[in-house]
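This is structure-v2.tsv (TSV, C-alpha atoms).
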```tsv
chain	number	residue	atom	x	y	z
O	1	MET	CA	9.67	-12.46	14.50
O	2	LEU	CA	7.47	-9.40	14.98
O	3	LEU	CA	4.53	-11.51	16.12
O	4	TYR	CA	6.78	-13.38	18.56
O	5	THR	CA	7.93	-10.06	20.02
O	6	LEU	CA	4.33	-8.94	20.49
O	7	LEU	CA	3.50	-12.23	22.21
O	8	GLU	CA	6.57	-11.94	24.44
O	9	VAL	CA	5.64	-8.43	25.53
O	10	ALA	CA	2.10	-9.49	26.33
O	11	ALA	CA	3.35	-12.55	28.20
O	12	ASN	CA	5.75	-10.48	30.28
O	13	ALA	CA	2.89	-8.18	31.18
O	14	ALA	CA	0.87	-11.19	32.24
O	15	GLN	CA	3.61	-12.63	34.46
O	16	ASP	CA	2.62	-10.28	37.26
O	17	LEU	CA	-0.57	-12.32	37.55
O	18	GLY	CA	1.23	-15.48	38.56
O	19	GLN	CA	4.78	-16.63	39.25
O	20	GLY	CA	6.38	-18.62	36.44
O	21	PHE	CA	3.54	-17.91	34.02
O	22	THR	CA	5.48	-17.97	30.78
O	23	MET	CA	4.30	-17.36	27.24
O	24	ARG	CA	4.31	-21.08	26.55
O	25	GLU	CA	2.22	-21.77	29.64
O	26	ILE	CA	-0.25	-19.06	28.61
O	27	TRP	CA	-0.55	-20.63	25.16
O	28	GLU	CA	-1.07	-24.10	26.63
O	29	ALA	CA	-3.65	-22.74	29.05
O	30	SER	CA	-5.52	-20.82	26.35
O	31	GLY	CA	-8.70	-22.18	24.89
O	32	PHE	CA	-9.46	-22.97	21.26
O	33	ILE	CA	-10.99	-19.54	20.62
O	34	ALA	CA	-7.99	-17.64	21.96
O	35	ARG	CA	-5.58	-19.77	19.93
O	36	SER	CA	-7.68	-19.26	16.82
O	37	VAL	CA	-7.60	-15.50	17.39
O	38	ILE	CA	-3.80	-15.56	17.70
O	39	VAL	CA	-3.52	-17.55	14.46
O	40	ILE	CA	-5.84	-15.14	12.62
O	41	LEU	CA	-3.84	-12.16	13.87
O	42	ALA	CA	-0.64	-13.87	12.75
O	43	ILE	CA	-2.09	-14.33	9.26
O	44	MET	CA	-3.12	-10.67	9.18
O	45	LEU	CA	0.37	-9.59	10.22
O	46	ILE	CA	2.00	-11.79	7.58
O	47	ALA	CA	-0.37	-10.42	4.92
O	48	CYS	CA	0.46	-6.83	5.93
O	49	THR	CA	4.18	-7.52	5.83
O	50	TYR	CA	3.91	-9.15	2.40
O	51	VAL	CA	1.88	-6.25	1.00
O	52	ALA	CA	4.30	-3.72	2.47
O	53	LEU	CA	7.34	-5.41	0.95
O	54	GLU	CA	5.64	-5.88	-2.43
O	55	ARG	CA	4.44	-2.26	-2.53
O	56	LEU	CA	7.86	-0.96	-1.48
O	57	ILE	CA	9.54	-2.83	-4.33
O	58	ALA	CA	6.83	-1.75	-6.81
O	59	PHE	CA	7.01	1.92	-5.81
O	60	ASN	CA	10.79	2.05	-5.96
O	61	ARG	CA	10.86	0.29	-9.34
O	62	ALA	CA	8.18	2.56	-10.81
O	63	ARG	CA	9.89	5.71	-9.61
O	64	SER	CA	13.34	4.59	-10.74
O	65	GLN	CA	12.13	3.66	-14.23
O	66	SER	CA	10.10	6.87	-14.52
O	67	MET	CA	13.15	8.99	-13.72
O	68	LYS	CA	15.26	7.12	-16.28
O	69	LEU	CA	12.55	7.46	-18.91
O	70	ALA	CA	12.20	11.18	-18.24
O	71	ALA	CA	15.94	11.64	-18.76
O	72	GLU	CA	15.90	9.78	-22.09
O	73	VAL	CA	12.62	11.05	-23.55
O	74	VAL	CA	13.23	14.75	-23.02
O	75	ALA	CA	15.48	15.09	-26.09
O	76	PRO	CA	13.03	13.52	-28.62
O	77	LEU	CA	10.18	15.59	-27.19
O	78	GLN	CA	12.16	18.82	-27.51
O	79	GLN	CA	12.91	17.90	-31.12
O	80	GLY	CA	9.27	17.10	-31.83
O	81	ASP	CA	10.15	13.48	-32.64
O	82	ILE	CA	6.92	11.83	-31.50
O	83	THR	CA	7.75	8.41	-32.99
O	84	THR	CA	11.02	8.08	-31.07
O	85	ALA	CA	9.43	9.35	-27.84
O	86	LEU	CA	6.60	6.85	-28.16
O	87	SER	CA	9.07	4.05	-28.88
O	88	LEU	CA	10.96	4.89	-25.68
O	89	ALA	CA	7.74	4.95	-23.66
O	90	ARG	CA	6.90	1.47	-24.98
O	91	ASP	CA	10.36	0.09	-24.24
O	92	ASP	CA	10.31	-2.91	-21.87
O	93	ARG	CA	12.95	-1.20	-19.76
O	94	PHE	CA	10.27	1.23	-18.61
O	95	LYS	CA	7.22	-1.04	-18.44
O	96	ALA	CA	6.80	-0.39	-14.70
O	97	ALA	CA	7.15	3.39	-15.04
O	98	TYR	CA	3.98	5.38	-14.41
O	99	LEU	CA	5.42	8.12	-16.65
O	100	GLY	CA	5.63	5.57	-19.46
O	101	SER	CA	1.92	4.79	-19.19
O	102	LEU	CA	1.05	8.48	-19.43
O	103	LEU	CA	3.30	9.07	-22.42
O	104	LYS	CA	2.09	5.98	-24.25
O	105	ALA	CA	-1.51	7.05	-23.85
O	106	GLY	CA	-0.93	10.65	-24.91
O	107	LEU	CA	1.61	10.17	-27.69
O	108	ALA	CA	-0.38	7.38	-29.32
O	109	GLU	CA	-3.22	9.84	-29.92
O	110	VAL	CA	-1.05	12.47	-31.59
O	111	GLU	CA	1.38	10.27	-33.51
O	112	GLU	CA	-0.64	9.87	-36.71
O	113	ARG	CA	-2.58	13.15	-36.71
O	114	PHE	CA	-1.19	16.13	-34.86
O	115	ASP	CA	-3.99	18.69	-34.60
O	116	PRO	CA	-6.11	20.29	-31.83
O	117	HIS	CA	-8.60	17.41	-31.92
O	118	ALA	CA	-5.82	14.84	-31.45
O	119	ILE	CA	-4.38	16.86	-28.56
O	120	GLN	CA	-7.76	16.86	-26.82
O	121	ASN	CA	-7.97	13.09	-27.30
O	122	GLY	CA	-4.46	12.83	-25.88
O	123	GLU	CA	-5.47	14.82	-22.81
O	124	ARG	CA	-8.39	12.48	-22.16
O	125	ALA	CA	-6.15	9.45	-22.69
O	126	VAL	CA	-3.57	10.77	-20.23
O	127	GLY	CA	-6.29	11.47	-17.65
O	128	LYS	CA	-7.61	7.94	-18.02
O	129	SER	CA	-4.09	6.56	-17.70
O	130	ILE	CA	-3.59	8.45	-14.43
O	131	VAL	CA	-6.73	6.86	-12.98
O	132	GLU	CA	-5.51	3.42	-14.06
O	133	GLU	CA	-2.09	4.01	-12.52
O	134	GLN	CA	-3.69	5.13	-9.26
O	135	GLY	CA	-5.59	1.84	-9.20
O	136	LYS	CA	-2.33	-0.07	-9.66
O	137	LEU	CA	-0.66	1.91	-6.90
O	138	ARG	CA	-3.48	1.07	-4.46
O	139	ARG	CA	-3.17	-2.68	-4.86
O	140	GLY	CA	-3.09	-4.30	-1.44
O	141	MET	CA	-4.04	-1.12	0.40
O	142	ALA	CA	-7.39	-2.65	1.35
O	143	ILE	CA	-5.52	-5.37	3.25
O	144	LEU	CA	-3.56	-2.78	5.24
O	145	ALA	CA	-6.68	-0.72	5.95
O	146	THR	CA	-8.70	-3.77	6.99
O	147	THR	CA	-5.95	-4.99	9.30
O	148	GLY	CA	-5.51	-1.60	10.92
O	149	SER	CA	-9.22	-1.17	11.56
O	150	THR	CA	-10.24	-4.71	12.55
O	151	ALA	CA	-7.23	-6.26	14.32
O	152	PRO	CA	-8.11	-4.68	17.72
O	153	PHE	CA	-11.63	-6.10	17.49
O	154	VAL	CA	-10.29	-9.53	16.55
O	155	GLY	CA	-8.11	-9.34	19.65
O	156	LEU	CA	-11.05	-8.22	21.79
O	157	PHE	CA	-12.98	-11.23	20.55
O	158	GLY	CA	-10.33	-13.42	22.17
O	159	THR	CA	-10.31	-11.15	25.21
O	160	THR	CA	-14.00	-11.82	25.76
O	161	PHE	CA	-13.44	-15.55	25.96
O	162	GLY	CA	-10.37	-15.04	28.17
O	163	VAL	CA	-12.55	-13.19	30.67
O	164	ILE	CA	-15.14	-15.95	30.42
O	165	ASN	CA	-12.44	-18.51	31.25
O	166	ALA	CA	-11.39	-16.37	34.23
O	167	PHE	CA	-14.93	-16.42	35.62
O	168	GLN	CA	-15.15	-20.14	34.96
O	169	GLY	CA	-11.96	-20.56	37.01
O	170	MET	CA	-13.55	-18.62	39.84
O	171	ALA	CA	-16.65	-20.79	39.63
O	172	THR	CA	-14.74	-24.05	39.80
O	173	ALA	CA	-11.83	-23.15	42.08
O	174	GLY	CA	-13.33	-20.37	44.12
O	175	SER	CA	-12.11	-16.82	44.56
O	176	GLY	CA	-8.46	-15.87	44.48
O	177	LEU	CA	-5.89	-14.62	42.01
O	178	ALA	CA	-4.63	-18.09	41.09
O	179	SER	CA	-8.04	-19.19	39.88
O	180	VAL	CA	-8.43	-16.29	37.45
O	181	SER	CA	-4.82	-15.59	36.42
O	182	LYS	CA	-4.79	-17.88	33.38
O	183	GLY	CA	-7.99	-16.44	31.99
O	184	ILE	CA	-6.79	-12.88	32.53
O	185	ALA	CA	-3.43	-13.67	30.95
O	186	GLU	CA	-5.23	-15.19	27.96
O	187	ALA	CA	-7.26	-12.01	27.62
O	188	LEU	CA	-4.13	-9.83	27.83
O	189	ILE	CA	-2.35	-11.84	25.15
O	190	THR	CA	-5.12	-11.51	22.56
O	191	THR	CA	-5.68	-7.83	23.35
O	192	GLY	CA	-1.99	-6.96	23.16
O	193	VAL	CA	-1.37	-8.85	19.94
O	194	GLY	CA	-4.49	-7.36	18.33
O	195	ILE	CA	-3.38	-3.81	19.16
O	196	GLY	CA	0.17	-4.51	17.99
O	197	VAL	CA	-0.95	-5.91	14.64
O	198	ALA	CA	-3.32	-2.96	14.16
O	199	VAL	CA	-0.51	-0.48	14.79
O	200	VAL	CA	1.65	-2.16	12.15
O	201	GLY	CA	-1.21	-2.12	9.64
O	202	VAL	CA	-1.97	1.57	10.24
O	203	TRP	CA	1.69	2.55	9.96
O	204	PHE	CA	2.07	0.74	6.65
O	205	PHE	CA	-1.22	2.16	5.33
O	206	ASN	CA	-0.34	5.76	6.18
O	207	TYR	CA	3.15	5.44	4.75
O	208	PHE	CA	2.05	4.05	1.39
O	209	ASN	CA	-0.95	6.34	1.22
O	210	GLY	CA	1.48	9.24	1.49
O	211	ARG	CA	3.60	7.82	-1.31
O	212	ILE	CA	0.54	7.36	-3.51
O	213	GLU	CA	-0.38	11.02	-3.02
O	214	LYS	CA	3.16	12.04	-3.95
O	215	VAL	CA	3.13	9.93	-7.13
O	216	THR	CA	-0.32	11.29	-8.02
O	217	ASP	CA	1.04	14.84	-7.73
O	218	GLU	CA	3.93	13.88	-10.01
O	219	MET	CA	1.58	12.37	-12.59
O	220	THR	CA	-0.64	15.46	-12.49
O	221	ALA	CA	2.41	17.65	-13.07
O	222	SER	CA	3.50	15.37	-15.92
O	223	GLU	CA	0.05	15.69	-17.49
O	224	ALA	CA	0.32	19.48	-17.40
O	225	ASP	CA	3.82	19.34	-18.90
O	226	PHE	CA	2.59	17.04	-21.67
O	227	MET	CA	-0.25	19.37	-22.59
O	228	ASP	CA	2.06	22.40	-22.59
O	229	TRP	CA	4.49	20.53	-24.85
O	230	ALA	CA	1.71	19.40	-27.21
O	231	TYR	CA	0.18	22.86	-27.66
O	232	LYS	CA	3.58	24.50	-28.04
O	233	LEU	CA	4.63	21.97	-30.68
O	234	LEU	CA	1.34	22.45	-32.51
O	235	HIS	CA	1.80	26.22	-32.47
O	236	ASP	CA	5.38	25.92	-33.76
O	237	ARG	CA	4.29	23.62	-36.61
O	238	GLU	CA	1.45	25.91	-37.60
O	239	GLU	CA	3.81	28.87	-37.65
O	240	ALA	CA	6.28	26.89	-39.76
O	241	GLN	CA	3.53	25.97	-42.24
O	242	LYS	CA	2.46	29.60	-42.52
O	243	LYS	CA	6.01	30.69	-43.26
O	244	ALA	CA	6.40	27.88	-45.81
O	245	GLY	CA	3.14	28.97	-47.50
O	246	LYS	CA	4.48	32.45	-47.98
```

Have the structure of the file written as structure tokens, please.
Amino acid sequence: MLLYTLLEVAANAAQDLGQGFTMREIWEASGFIARSVIVILAIMLIACTYVALERLIAFNRARSQSMKLAAEVVAPLQQGDITTALSLARDDRFKAAYLGSLLKAGLAEVEERFDPHAIQNGERAVGKSIVEEQGKLRRGMAILATTGSTAPFVGLFGTTFGVINAFQGMATAGSGLASVSKGIAEALITTGVGIGVAVVGVWFFNYFNGRIEKVTDEMTASEADFMDWAYKLLHDREEAQKKAGK
């Protein structure tokens, strides 16, 4: 539907070049190269739309599950119940949560041996988990970036051949607007569609890039909270052991 709209706009712009020059007539008058360019741009647009929908669902699911996990895991963490907190982080209900990945990595290091060395290992594990989660969040972003940066040039490739067809029309039919209108219309179609597809790709890329930065900030804050909790719990346990020794 979006590609059809782009084609319709470009065709309407091209109608000024000749009476009754509809989108269908432009397509039928276009050469093999121009048609191939339109097909490639259509594939790029479909790929961008698919990635955008998949990423939107993935982001919303990850955020929703992370918020639910945070609400449930706060009580065990406050009580120092590492086993229960780790069990919640590993629950299949939260397998898409980026918070779950951080907690699983950190809590697994401190579950068996809770000391400064284990906390340092937990910090490294959480940092590694953040990098892995960032990689998951960026899935498909290369497709959006590639579309946004190359679609105009793909359209210009078709434009070049449209201009060539216009000059060929002049060579065979002589000068005049009628002899070059089909070639010019062909060039306008590929240029317009290429720019339109690029705009869609750039919009999607910028939107999801912003969401990735927001999630990264949340994970960084969660890492800091985890380390504060770990060192506080260690301090409380050491103080309790000292009092018990007396």

Suppose you want the space between atom CA of Leu103 of chain O and atom CA of Phe59 of chain O; what is it in Å? 18.5 Å

Here is a test: counting only C-alpha atoms, which residue of O:Ile189, O:Ile212, O:Ile130, O:Met141 is nearest to Glu54 of chain O?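 Using only C-alpha atoms, the shortest distance to Glu54 of chain O belongs to O:Met141.
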
If you measure from atom CA of Ala221 of chain O to atom CA of Ser129 of chain O, what distance in Å do you get, rounded to one decimal?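 Taking atom CA of Ala221 of chain O as the start and atom CA of Ser129 of chain O as the end point, the length is 13.7 Å.
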
Report the distance between atom CA of Ala198 of chain O and atom CA of Gly148 of chain O in Å, rounded to one decimal place.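 Computed distance, atom CA of Ala198 of chain O to atom CA of Gly148 of chain O, equals 4.1 Å.
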
The residue from O:Leu233, O:Leu86, O:Met227, O:Ile143 with the smallest atom-to-atom distance to Ile43 of chain O, counting only C-alpha atoms, is O:Ile143

From the list O:Arg139, O:Lys232, O:Lys95, O:Arg55, which residue is nearest Ile119 of chain O when using all atoms listed in the file?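 Answer, going by the shortest atom-to-atom distance: O:Lys232.
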
Residues within 9 Å of Gln120 of chain O, please, as a list in words. Count all atoms listed in the file; anything in the same chain fewer than 5 positions from it doesn't count.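 In the requested format, the answer is Glu109, Asp115, Ala125 and Met227 of chain O.
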
Which residues come within 10 Å of Ala230 of chain O, counting all atoms listed in the file, excluding same-chain residues fewer than 5 positions away, as a PDB file with C-alpha atoms, keeping the file's coordinate frame?
```pdb
ATOM      1  CA  LEU O  77      10.180  15.590 -27.190  1.00  0.00           C
ATOM      2  CA  GLY O  80       9.270  17.100 -31.830  1.00  0.00           C
ATOM      3  CA  GLY O 106      -0.930  10.650 -24.910  1.00  0.00           C
ATOM      4  CA  LEU O 107       1.610  10.170 -27.690  1.00  0.00           C
ATOM      5  CA  VAL O 110      -1.050  12.470 -31.590  1.00  0.00           C
ATOM      6  CA  PHE O 114      -1.190  16.130 -34.860  1.00  0.00           C
ATOM      7  CA  ASP O 115      -3.990  18.690 -34.600  1.00  0.00           C
ATOM      8  CA  PRO O 116      -6.110  20.290 -31.830  1.00  0.00           C
ATOM      9  CA  ALA O 118      -5.820  14.840 -31.450  1.00  0.00           C
ATOM     10  CA  ILE O 119      -4.380  16.860 -28.560  1.00  0.00           C
ATOM     11  CA  GLN O 120      -7.760  16.860 -26.820  1.00  0.00           C
ATOM     12  CA  GLY O 122      -4.460  12.830 -25.880  1.00  0.00           C
ATOM     13  CA  GLU O 123      -5.470  14.820 -22.810  1.00  0.00           C
ATOM     14  CA  ALA O 224       0.320  19.480 -17.400  1.00  0.00           C
ATOM     15  CA  ASP O 225       3.820  19.340 -18.900  1.00  0.00           C
ATOM     16  CA  HIS O 235       1.800  26.220 -32.470  1.00  0.00           C
ATOM     17  CA  ASP O 236       5.380  25.920 -33.760  1.00  0.00           C
TER      18      ASP O 236
END
```

Which residue, O:Ala97, O:Leu234, O:Leu88, O:Val215, has the smallest gap to Met67 of chain O when you use all atoms listed in the file?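 The closest residue to Met67 of chain O is O:Ala97.
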
Which residue is closest to Ile195 of chain O? Choose from O:Ala240, O:Pro76, O:Leu156, O:Val39 and count only C-alpha atoms. O:Leu156

Given only C-alpha atoms as the basis, pick out the residue of O:Tyr231, O:Ser101, O:Asp217, O:Ala34 nearest to Val193 of chain O.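 That would be O:Ala34, the residue with the smallest distance to Val193 of chain O.
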
Using only C-alpha atoms, determine which residues lie at most 10 Å from Val51 of chain O, disregarding the query and same-chain residues fewer than 5 positions distant; provide the list as a ChimeraX atom specification. /O:45-46,56-57,139-144,204-205

Which centre and which edge lengths, in Å to one decimal, describe the axis-aligned box that holds all listed atoms of segment 205-208 of chain O after 6 Å is added on each side, as JSON?
```
{"center_x": 1.0, "center_y": 4.0, "center_z": 3.8, "size_x": 16.4, "size_y": 15.6, "size_z": 16.8}
```
